[in-house]
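Q: Structure in structure tokens, see below.
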Amino acid sequence: MLWVVPLLVVGASPDVVVCPPEDPGVAARIRGQLADLDADVAWPEVCPSPTAPTIVVEGRPTDGYRIVFEAPERAPRARRIDALASVSATREAAAVAVRSVVKAILMGLEPAWAETPPPPPSETEWETRISAAFEAQGTGLADPALAAAVRAGVRIERWLLEVGGTFGLPRTLEDDLTSIALREHAVWGAVGCPVWKHERWSATAGARGGVTLGRRRTRVRGGAAATPEASSVGGLVGAELRGAVEVTPGVSLELLGGADGVFGAPRLLYDTPRGPEVRASGWLVRPRAAILVTIETGGDDS
């Protein structure tokens, strides 16, 4: 690496400001790399205007980092750290680059990087997502109700917008008189927002609303008469909390827990000489849990 001499006058142990990285996971690596250097390093919570040599680490390990060096009365200089084979290796490479800048500052030098203009302020980060899931739900009728589900959506800045469908597996509710085959599907839209993130781990809270479609087929025993096969339509509004771990860049494993309020939950009745008798009623509030595999691809609009 080349260094230019001396454009910056500093003391034997200058103040160096390291701004909070966009990726919290790289901060610990930077602290470790600087621990043995005789430098007075400031770690502000908010990056100030540069009154001392300042280092800014932008980006994420999946996309690579941009390390910016700023100093009073100097044009910003930047270096690109491309994404490597693993998140850990990319973070370590960025931390080593920061260490080299601080060592140069201690020697009274500046990095010989190209001058760079600030990034355009209108840039918007976005990611597209698609998920496959296996879900279990308590309905009050022949539980658990098992289903396969798919989700597709986009994350714009902090907000996650999704549409999805749940495709119920057949289940049977039986007693001495009847055998009732049940199946339920749903289509819905959802919105979510991250509530916690640490390195590869994250949690997202969200809400959804949609339409349910049920199908019932009844078989009878003895002298009873079965009602014709029928369908039902209802609505749902629910909340959910998802925890995720990034297994590999762009692929995450998620666990979901939540509950839905259901409008038009099915009721199964016997029509007897004494009048209708309730065979079973679906729950109005249904707890659910799911495991998801999610694939993300990122981008930005300028």
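As shown in the structure tokens, the chain order sets the letters A, B, ...; within each chain, residues go from 1, and ligands are also counted from 1 in the order they appear.
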Would you return as a list in words the members of stretch 82-150 of chain A that DSSP assigns to strand (DSSP E or B) on this structure's backbone?
A: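 Strand (DSSP E or B) assignments inside stretch 82-150 of chain A correspond to Glu110, Pro111, Ala114, Glu115, Thr124, Glu125, Trp126, Glu127, Thr128, Arg129, Ile130, Ser131, Ala132, Ala133, Phe134, Glu135, Ala136, Gln137, Ala145, Leu146, Ala147, Ala148, Ala149 and Val150 of chain A.
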Q: Which residues are close to A:Arg215, i.e. within 10 Å by only C-alpha atoms, leaving aside same-chain residues fewer than 3 positions away? Reply as a list of chain:residue names.
A: A:Pro170, A:Ala181, A:Leu182, A:Arg183, A:Glu184, A:His185, A:Glu229, A:Ala230, A:Ser231, A:Ser232, A:Val233, A:Pro266
Q: Hey, what's within 8 Å of A:Arg79 if we count only C-alpha atoms and toss same-chain stuff fewer than 3 positions away? As a compact mmCIF listing (two decimals) with N, CA and C atoms, in the first residue's frame, please?
A:
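This went into around.txt:
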# COMPACT_ATOMS: atom_id res chain seq x y z
N ARG A 66 -17.25 0.37 1.99
CA ARG A 66 -16.59 1.58 1.49
C ARG A 66 -16.02 2.31 2.70
N ILE A 67 -14.70 2.41 2.77
CA ILE A 67 -14.03 3.06 3.89
C ILE A 67 -13.62 4.46 3.45
N VAL A 68 -14.12 5.46 4.17
CA VAL A 68 -13.90 6.86 3.83
C VAL A 68 -12.99 7.50 4.88
N TRP A 113 -5.43 7.27 -1.26
CA TRP A 113 -6.61 6.80 -1.96
C TRP A 113 -7.11 7.91 -2.87
N ALA A 114 -7.95 7.55 -3.81
CA ALA A 114 -8.51 8.54 -4.72
C ALA A 114 -9.51 9.41 -3.97
Q: Counting only C-alpha atoms, what is within 8 Å of A:Ala83, bar same-chain residues fewer than 3 positions away, as a count of residues only?
A: 8
Q: Within 7 Å of A:Gln33, counting only C-alpha atoms, which residues qualify if same-chain residues fewer than 6 places away don't, as a PDB file with C-alpha atoms, in the first residue's frame?
A:
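Below you can see part_17.pdb, which holds the result:
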ATOM      1  CA  ALA A  95     -10.972  -3.880  10.028  1.00  0.00           C
ATOM      2  CA  VAL A  96      -7.405  -4.433   8.742  1.00  0.00           C
ATOM      3  CA  ARG A  99      -5.930  -0.339  11.157  1.00  0.00           C
TER       4      ARG A  99
END
Q: With a distance cut-off of 7 Å and only C-alpha atoms, select the neighbouring residues of stretch 197-201 of chain A, excluding the residue or stretch itself and same-chain residues fewer than 5 positions from it, and output the selection as a list in words.
A: Pro24, Gly25, Ala244, Val245 and Glu246 of chain A
Q: Need to verify the contact set: A:Thr128, 6 Å, only C-alpha atoms, exclusion of same-chain residues closer than 4 positions in sequence. Can you return it as a ChimeraX atom specification?
A: /A:153-154,296-297
Q: Save the residues we just selected, N, CA and C atoms, as a JSON list (two decimals), in the first residue's frame?
A:
[["chain", "number", "residue", "atom", "x", "y", "z"],
["A", 153, "GLY", "N", -41.97, -10.61, -1.63],
["A", 153, "GLY", "CA", -42.08, -9.22, -1.23],
["A", 153, "GLY", "C", -40.82, -8.44, -1.50],
["A", 154, "VAL", "N", -40.82, -7.23, -0.98],
["A", 154, "VAL", "CA", -39.69, -6.32, -1.15],
["A", 154, "VAL", "C", -39.47, -5.58, 0.16],
["A", 296, "GLU", "N", -32.97, -13.64, -0.40],
["A", 296, "GLU", "CA", -33.01, -12.21, -0.65],
["A", 296, "GLU", "C", -32.00, -11.82, -1.73],
["A", 297, "THR", "N", -32.40, -10.87, -2.56],
["A", 297, "THR", "CA", -31.47, -10.23, -3.49],
["A", 297, "THR", "C", -31.60, -8.73, -3.30]]
Q: In Å, rounded to a single decimal, give me how far atom CA of A:Val57 is from atom CA of A:Asp40.
A: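 It comes out at 18.4 Å.
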Q: For A:Gly264, which of A:Ala112, A:Val17, A:Leu213, A:Val101 is the closest residue, counting only C-alpha atoms?
A: A:Leu213
Q: Within 12 Å of stretch 159-167 of chain A, which residues of stretch 75-148 of chain A come that close, and what is the closest atom pair and distance in Å for each? Count only C-alpha atoms and give it as CSV.
A:
residue,atom,partner,partner_atom,distance
A:Thr124,CA,A:Trp159,CA,11.9
A:Glu125,CA,A:Trp159,CA,10.5
A:Trp126,CA,A:Trp159,CA,9.3
A:Glu127,CA,A:Leu160,CA,9.0
A:Thr128,CA,A:Leu160,CA,9.4
A:Arg129,CA,A:Glu162,CA,8.5
A:Ile130,CA,A:Glu162,CA,9.0
A:Ser131,CA,A:Gly164,CA,9.1
A:Ala132,CA,A:Gly164,CA,9.8
A:Ala133,CA,A:Thr166,CA,9.0
A:Phe134,CA,A:Thr166,CA,9.1
A:Glu135,CA,A:Thr166,CA,8.4
A:Ala136,CA,A:Thr166,CA,10.6
A:Gln137,CA,A:Thr166,CA,11.0
A:Ala145,CA,A:Phe167,CA,10.4
A:Leu146,CA,A:Phe167,CA,8.7
A:Ala147,CA,A:Phe167,CA,5.3
A:Ala148,CA,A:Phe167,CA,5.3
Q: Mind dumping the selected residues with N, CA and C atoms as a PDB file, in the first residue's frame?
A:
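The resulting result-v6.pdb:
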ATOM      1  N   THR A 124     -31.874   4.884  -2.526  1.00  0.00           N
ATOM      2  CA  THR A 124     -32.822   4.101  -1.736  1.00  0.00           C
ATOM      3  C   THR A 124     -32.409   2.640  -1.767  1.00  0.00           C
ATOM      4  N   GLU A 125     -32.256   2.039  -0.604  1.00  0.00           N
ATOM      5  CA  GLU A 125     -31.906   0.626  -0.531  1.00  0.00           C
ATOM      6  C   GLU A 125     -33.159  -0.238  -0.604  1.00  0.00           C
ATOM      7  N   TRP A 126     -33.067  -1.335  -1.346  1.00  0.00           N
ATOM      8  CA  TRP A 126     -34.203  -2.251  -1.422  1.00  0.00           C
ATOM      9  C   TRP A 126     -33.683  -3.663  -1.629  1.00  0.00           C
ATOM     10  N   GLU A 127     -34.500  -4.613  -1.217  1.00  0.00           N
ATOM     11  CA  GLU A 127     -34.195  -6.029  -1.385  1.00  0.00           C
ATOM     12  C   GLU A 127     -35.468  -6.760  -1.775  1.00  0.00           C
ATOM     13  N   THR A 128     -35.369  -7.674  -2.714  1.00  0.00           N
ATOM     14  CA  THR A 128     -36.507  -8.541  -3.019  1.00  0.00           C
ATOM     15  C   THR A 128     -36.346  -9.843  -2.243  1.00  0.00           C
ATOM     16  N   ARG A 129     -37.470 -10.442  -1.865  1.00  0.00           N
ATOM     17  CA  ARG A 129     -37.468 -11.643  -1.021  1.00  0.00           C
ATOM     18  C   ARG A 129     -38.487 -12.645  -1.544  1.00  0.00           C
ATOM     19  N   ILE A 130     -38.167 -13.918  -1.381  1.00  0.00           N
ATOM     20  CA  ILE A 130     -39.139 -14.975  -1.595  1.00  0.00           C
ATOM     21  C   ILE A 130     -38.908 -16.035  -0.521  1.00  0.00           C
ATOM     22  N   SER A 131     -39.989 -16.524   0.067  1.00  0.00           N
ATOM     23  CA  SER A 131     -39.905 -17.470   1.178  1.00  0.00           C
ATOM     24  C   SER A 131     -40.802 -18.670   0.912  1.00  0.00           C
ATOM     25  N   ALA A 132     -40.326 -19.825   1.350  1.00  0.00           N
ATOM     26  CA  ALA A 132     -41.138 -21.042   1.385  1.00  0.00           C
ATOM     27  C   ALA A 132     -41.269 -21.450   2.848  1.00  0.00           C
ATOM     28  N   ALA A 133     -42.463 -21.872   3.256  1.00  0.00           N
ATOM     29  CA  ALA A 133     -42.716 -22.116   4.679  1.00  0.00           C
ATOM     30  C   ALA A 133     -43.571 -23.355   4.879  1.00  0.00           C
ATOM     31  N   PHE A 134     -43.440 -23.910   6.083  1.00  0.00           N
ATOM     32  CA  PHE A 134     -44.342 -24.956   6.568  1.00  0.00           C
ATOM     33  C   PHE A 134     -44.966 -24.433   7.850  1.00  0.00           C
ATOM     34  N   GLU A 135     -46.291 -24.444   7.922  1.00  0.00           N
ATOM     35  CA  GLU A 135     -47.012 -23.750   8.982  1.00  0.00           C
ATOM     36  C   GLU A 135     -47.971 -24.689   9.709  1.00  0.00           C
ATOM     37  N   ALA A 136     -48.118 -24.466  11.018  1.00  0.00           N
ATOM     38  CA  ALA A 136     -49.112 -25.166  11.834  1.00  0.00           C
ATOM     39  C   ALA A 136     -49.977 -24.123  12.531  1.00  0.00           C
ATOM     40  N   GLN A 137     -51.278 -24.345  12.541  1.00  0.00           N
ATOM     41  CA  GLN A 137     -52.207 -23.373  13.124  1.00  0.00           C
ATOM     42  C   GLN A 137     -53.259 -24.085  13.955  1.00  0.00           C
ATOM     43  N   ALA A 145     -53.938 -27.678  12.152  1.00  0.00           N
ATOM     44  CA  ALA A 145     -54.106 -27.478  10.719  1.00  0.00           C
ATOM     45  C   ALA A 145     -52.732 -27.193  10.127  1.00  0.00           C
ATOM     46  N   LEU A 146     -52.261 -28.079   9.248  1.00  0.00           N
ATOM     47  CA  LEU A 146     -50.936 -27.949   8.645  1.00  0.00           C
ATOM     48  C   LEU A 146     -51.069 -27.382   7.238  1.00  0.00           C
ATOM     49  N   ALA A 147     -50.064 -26.604   6.833  1.00  0.00           N
ATOM     50  CA  ALA A 147     -50.154 -25.962   5.524  1.00  0.00           C
ATOM     51  C   ALA A 147     -48.767 -25.655   4.986  1.00  0.00           C
ATOM     52  N   ALA A 148     -48.669 -25.596   3.677  1.00  0.00           N
ATOM     53  CA  ALA A 148     -47.492 -25.049   3.006  1.00  0.00           C
ATOM     54  C   ALA A 148     -47.807 -23.610   2.631  1.00  0.00           C
TER      55      ALA A 148
END
Q: Tell me which of A:Glu157, A:Glu22, A:Asp143, A:Glu58 sits closest to A:Cys193, counting only C-alpha atoms.
A: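 Using only C-alpha atoms, the shortest distance to A:Cys193 belongs to A:Glu157.
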